[in-house]
Amino acid sequence: MQLVLEKRAERSNTIALISPLIAIGLTIVTMVILFAILGKNPLLALHAYFIAPLTDSYSLQEIAVKATPLVMIAIGLSLCYLANAWNIGAEGQFLIGAVAGSWIAVKTQGTDAGVWALPAMLVLAAAAGALYALIPAICKVKFGASEILTSLMLVYVADLFLDYLVRGPWRDPHGFNFPTTAEFDPVATVPLLIEGGRLHLGSIIALLVVAGAAILLGRTIKGFEIRVVGAAPRAARFGGFNSNQLIILTFAVSGALAGLAGIIEVAGPVGHLQPGISPGYGFTAIIVAFLGRLNPLGILIAGLFLALTFIGGEQAQIAMKIPLDVTKVFQGILLFYVLACDSLILYRFKLVFPNRQVARGTH
Amino acid sequence: MELIEAIILAVLAASTPLLIAATGELVTERSGVLNLGVEGMMIVGAACGFAGAWLTGSIFIGALFGIVAGTLMSLVFALMALGLAVNQVATGLALTILGVGLSGLIGAGFVGERITPAAHLYIPGLTDIPLIGRVLFGEDAFVYFSLALVAGIWWFLYRTRPGLILRACGDNHVSAHALGYPVLRIRTFAVMFGGACAGLAGAYLPLAYTPFFIPGMTAGRGWIALALVVFSSWRPGRLVVGAYLFGAVTILQLHAQGWGVGIPSQLMSALPYLATVIVLVLLSRARTGGSTAPAALGTVFVPDR
């Protein structure tokens with residue numbers, strides 16, 4: 001007797017709908033076991049992770065703030081993954097966007113630049129992110145170099161470039177030698193939505209991005225091409241869709257969104273450029289994209305959920321001394337379960353008995 | 001003279017983890033499976049390897065811990081990518097994300113601890129030969145092992161029947177299945193071998209390269225190992241050349257920083273990563289005529305019954 005996979009006649013829509021929920025449920029069960037191994041009270045830990053952040057206004061705003069870059073990056077990545085283009089270097093595009101936008105903020109420091117400063121920073125950051133993402137895309141299309149490896153290598157390069165700038169030319173002369181730029185001027189800062197709160201304009205931009213992606217994928221020919229090229233490359237070729245052009249396009253869009261997210265993070269919650277501005281948003285966004293089933297609305301929900309785990313992780317560390325790495329383990333396990341459950345949309349388990357299989361051997 | 005010897009020794013040490021990890025991944029990919037989780041398996045191997053050596057005081061047991069940890073990680077991958085037919089790219093990424101978190105958890109208690117690093121071979125007379133003595137007869141066991149491993153894998157892939165079958169699975173899983181070979185079982189073993197090698201390569205870092213553990217100490221070496229497999233056109237012999245070239249770039253940038261050449265240190269640190277991109281582009285461009293990658297690499301296989 002043996003347990004094997006068997007392809008379903010057609011994809012199961014029921015499982016497609018509930019699979020993210022099953023995945024979250026399984027992840028929570030696994031976390032309970034992990035908390036118990038670490039010697040922490042699992043119920044208290046789960047409370048700190050998932051309930052406590054939802055109970056006060058500050059944490060709720062903080063969740064929206066953390067979800068903003070995750071959702072923006074994940075929307076871009078979902079376009080790539082739908083088109084079967086594997087951009088996994090969003091972290092680097094995020095950092096380059098942050099650097100490019102910060103350039104205007106640093107150069108106009110104390111000059112009373114006027115209201116054009118912030119829009120210019122956003123545009124420049126998106127352009128820089130797009131250009132940085134085009135490097136692996138062009139290497140892929142022109143030379144056939146694996147976009148997975150090149151986009152990832154460029155993350156390390158971007159990280160070192162940012163490090164060089166804030167330790168060298170852009171370092172705040174009054175910053176006691178800390179590797180950081182000076183605080184950005186108010187005109188170069190993303191405005192808050194609530195006075196004295198945390199929520200900022202970036203969250204609105206993220207919502208617009210979600211709406212834009214939903215329209216692109218659901219209502220336009222380009223969106224249709226993206227989905228066909230990924231799902232049925234042969235059909236796309238017969239349809240005359242240019243898959244190379246779509247690789248370039250989806251990489252550029254996802255790079256632009258990651259770059260935009262980068263400058264919004266720096267000019268918003270952080271307020272200056274420094275190393276470590278991202279706790280791995282570019283990588284967590286990959287999980288968000290898959291948990292959201294590469295669907296804009298799903299990504300919005302998944303982004304809020306993973307933001308919750310970031311905030312919950314911080315609270316659990318303060319309240320119960322649970323290491324921050326537990327959050328990363330949680331995210332990794334979650335992605336595993338999401339992928340495993342997704343497999344059941346296309347396949348089902350079946351018990352086979354080897355002796356009968358031989359009898360049907362002519363099949 | 002002494003400087004040249006020191007540089008060669010440093011290059012060998014920097015290349016060895018790349019070579020071991022890349023050899024494992026080469027076997028995995030030759031069976032048709034693309035496991036992008038090398039970095040994750042390596043970093044868990046590093047944490048477990050250091051834990052094992054610190055607890056028992058034995059480098060050998062530490063290395064075993066690393067191997068077991070890497071193999072266990074690869075089994076998770078095998079369960080997902082082979083058992084559940086999940087997209088291999090996504091699964092590999094998940095493995096890396098999980099590995100980084102796990103190694104942080106495991107290694108947290110060992111940060112700041114030191115161990116005695118792996119001993120170097122010493123043969124009186126031979127090791128004392130100037131210039132080549134220490135390079136040839138004064139390495140740690142991992143260096144010799146890595147070279148034996150590559151040679152063994154070359155022999156296995158090209159001179160044995162199981163090696164031929166493994167390559168057949170990687171080139172055409174449907175035909176291999178039709179001939180009656182258990183494709184998924186063979187691939188599982190190949191994935192486990194890749195995991196064991198990645199775990200050992202990770203363990204090399206805190207056991208021999210630097211005698212302590214720091215979180216994230218693999219610093220992208222797993223990804224460079226993946227690039228090396230492409231660089232080698234999936235051939236073990238070229239893997240050695242590639243690994244030593246990359247090791248040389250790594251050491252060159254360290255020395256250039258020491259000489260104070262006036263180039264920002266961050267640019268030098270970025271060299272290995274930039275070199276990887278450039279090499280990937282040049283090599284992929286050079287073989288536009290026909291790919292040398294295993295034909296079934298990264299494709300899902302669900303046997304029909």
# chains A, B, ... in the order shown; residues from 1 in each chain; ligands from 1

call {"tool": "select_by_dssp", "arguments": {"residues": "stretch 23-221 of chain B", "states": "strand (DSSP E or B)", "output": "list of chain:residue names"}}
result
B:Arg114, B:His120, B:Asp140, B:Phe212

call {"tool": "interface_residues", "arguments": {"of": "chain B", "to": "chain A", "cutoff": "6 Å", "atoms": "only C-alpha atoms", "output": "JSON, numbers by chain"}}
result
{"B": [86, 94, 97, 98, 101, 102, 104, 105, 266, 270, 273, 277, 280, 281, 284, 285]}

call {"tool": "residues_around", "arguments": {"residues": "B:Pro124", "least_positions_apart": "3", "cutoff": "12 Å", "atoms": "only C-alpha atoms", "output": "list in words"}}
result
Leu121, Thr127, Asp128, Ile129, Gly133, Arg134, Phe137 and Gly138 of chain B

call {"tool": "residues_around", "arguments": {"residues": "B:Thr96", "least_positions_apart": "5", "cutoff": "7 Å", "atoms": "only C-alpha atoms", "output": "ChimeraX atom specification"}}
result
/B:37,39-40

call {"tool": "write_last_selection", "arguments": {"atoms": "C-alpha atoms", "output": "PDB file, in the first residue's frame"}}
result
ATOM      1  CA  GLY B  37      17.628  26.239  -0.561  1.00  0.00           C
ATOM      2  CA  GLU B  39      21.903  28.906   1.581  1.00  0.00           C
ATOM      3  CA  GLY B  40      19.276  27.778   4.108  1.00  0.00           C
TER       4      GLY B  40
END

call {"tool": "residues_around", "arguments": {"residues": "B:Phe156", "least_positions_apart": "3", "cutoff": "12 Å", "atoms": "only C-alpha atoms", "output": "JSON, numbers by chain"}}
result
{"B": [27, 30, 148, 149, 150, 151, 152, 153, 159, 160, 161, 162, 163, 164, 165, 166, 167, 236]}

call {"tool": "closest_residue", "arguments": {"among": "A:Ala113, A:Met72, A:Ala105, A:Leu192", "to": "A:Ala289", "atoms": "only C-alpha atoms"}}
result
A:Met72

call {"tool": "select_by_dssp", "arguments": {"residues": "stretch 59-112 of chain A", "states": "alpha helix (DSSP H)", "output": "ChimeraX atom specification"}}
result
/A:59-82,90-107

call {"tool": "residues_around", "arguments": {"residues": "stretch 56-65 of chain B", "least_positions_apart": "6", "cutoff": "7 Å", "atoms": "only C-alpha atoms", "output": "list in words"}}
result
Cys48, Gly49, Phe50, Ala118, Leu200, Ala203 and Leu207 of chain B

call {"tool": "write_last_selection", "arguments": {"atoms": "C-alpha atoms", "output": "short mmCIF file (atom, residue, chain, number, x, y, z; two decimals), in the first residue's frame"}}
result
data_model
loop_
_atom_site.label_atom_id
_atom_site.label_comp_id
_atom_site.auth_asym_id
_atom_site.auth_seq_id
_atom_site.Cartn_x
_atom_site.Cartn_y
_atom_site.Cartn_z
CA CYS B 48 24.33 22.81 14.22
CA GLY B 49 27.95 22.09 13.33
CA PHE B 50 29.19 24.68 15.79
CA ALA B 118 40.03 22.01 12.85
CA LEU B 200 28.94 20.08 5.81
CA ALA B 203 29.68 23.54 9.24
CA LEU B 207 34.65 24.69 12.49
#

call {"tool": "residues_around", "arguments": {"residues": "stretch 73-77 of chain A", "least_positions_apart": "6", "cutoff": "10 Å", "atoms": "only C-alpha atoms", "output": "PyMOL selection string"}}
result
chain A and resi 67+83+85-91+93-94+206+209-210+212-214+250-262+281-290+292+294-300+302-303

call {"tool": "atom_distance", "arguments": {"atom1": "atom CA of B:Thr116", "atom2": "atom CA of B:Pro211"}}
result
6.4 Å

call {"tool": "atom_distance", "arguments": {"atom1": "atom CA of B:Ser146", "atom2": "atom CA of B:Ser15"}}
result
9.7 Å

call {"tool": "closest_residue", "arguments": {"among": "B:Ala227, B:Leu205, B:Leu55, B:Leu95", "to": "B:Ile278", "atoms": "only C-alpha atoms"}}
result
B:Ala227

call {"tool": "atom_distance", "arguments": {"atom1": "atom CA of B:Ala275", "atom2": "atom CA of B:Pro294"}}
result
24.1 Å

call {"tool": "closest_residue", "arguments": {"among": "B:Val241, B:Ala196, B:Leu228, B:Ile115", "to": "B:Met73", "atoms": "only C-alpha atoms"}}
result
B:Ala196

call {"tool": "closest_residue", "arguments": {"among": "A:Ile205, A:Ile248, A:Val338, A:Ala319", "to": "A:Leu134", "atoms": "only C-alpha atoms"}}
result
A:Ile248

call {"tool": "closest_residue", "arguments": {"among": "B:Ala201, B:Val11, B:Leu93, B:Val302", "to": "B:Val135", "atoms": "only C-alpha atoms"}}
result
B:Val11

call {"tool": "decode", "arguments": {"residues": "stretch 220-277 of chain B", "atoms": "C-alpha atoms", "output": "CSV table (one decimal), in the first residue's frame"}}
result
chain,number,residue,atom,x,y,z
B,220,GLY,CA,25.3,34.3,0.4
B,221,ARG,CA,27.8,31.5,-0.1
B,222,GLY,CA,24.9,29.1,-0.8
B,223,TRP,CA,23.8,31.3,-3.6
B,224,ILE,CA,27.3,31.6,-5.0
B,225,ALA,CA,27.5,27.7,-4.9
B,226,LEU,CA,24.3,27.6,-7.0
B,227,ALA,CA,25.9,30.0,-9.5
B,228,LEU,CA,29.0,27.8,-9.5
B,229,VAL,CA,27.0,24.9,-10.7
B,230,VAL,CA,25.8,26.9,-13.7
B,231,PHE,CA,29.4,28.1,-14.2
B,232,SER,CA,30.6,24.5,-14.3
B,233,SER,CA,28.1,23.6,-17.0
B,234,TRP,CA,27.1,20.8,-14.5
B,235,ARG,CA,30.5,19.2,-14.7
B,236,PRO,CA,32.5,18.3,-11.6
B,237,GLY,CA,35.9,19.1,-13.1
B,238,ARG,CA,35.0,22.7,-13.9
B,239,LEU,CA,33.5,23.0,-10.5
B,240,VAL,CA,37.0,22.9,-8.9
B,241,VAL,CA,38.3,25.6,-11.2
B,242,GLY,CA,35.2,27.8,-10.6
B,243,ALA,CA,35.3,27.3,-6.8
B,244,TYR,CA,39.0,28.3,-6.6
B,245,LEU,CA,38.4,31.3,-8.9
B,246,PHE,CA,35.7,32.5,-6.6
B,247,GLY,CA,37.7,31.8,-3.5
B,248,ALA,CA,40.5,33.9,-5.1
B,249,VAL,CA,38.2,36.8,-5.7
B,250,THR,CA,37.1,36.7,-2.1
B,251,ILE,CA,40.6,36.7,-0.8
B,252,LEU,CA,41.8,39.3,-3.3
B,253,GLN,CA,39.2,41.7,-2.0
B,254,LEU,CA,40.3,41.1,1.6
B,255,HIS,CA,43.9,41.8,0.8
B,256,ALA,CA,43.2,44.8,-1.4
B,257,GLN,CA,41.4,46.3,1.6
B,258,GLY,CA,44.4,45.6,3.7
B,259,TRP,CA,46.7,47.3,1.2
B,260,GLY,CA,44.4,50.3,1.3
B,261,VAL,CA,44.2,50.7,-2.4
B,262,GLY,CA,41.9,53.7,-2.0
B,263,ILE,CA,38.9,51.8,-3.3
B,264,PRO,CA,35.9,51.8,-0.9
B,265,SER,CA,35.9,48.5,1.1
B,266,GLN,CA,32.2,48.0,0.3
B,267,LEU,CA,33.1,47.9,-3.4
B,268,MET,CA,35.7,45.2,-2.8
B,269,SER,CA,33.2,43.3,-0.7
B,270,ALA,CA,30.7,43.4,-3.5
B,271,LEU,CA,33.2,41.9,-5.9
B,272,PRO,CA,32.3,38.2,-5.4
B,273,TYR,CA,28.6,39.0,-6.0
B,274,LEU,CA,29.3,41.2,-9.1
B,275,ALA,CA,31.7,38.6,-10.4
B,276,THR,CA,28.9,36.0,-10.1
B,277,VAL,CA,26.5,38.2,-12.2
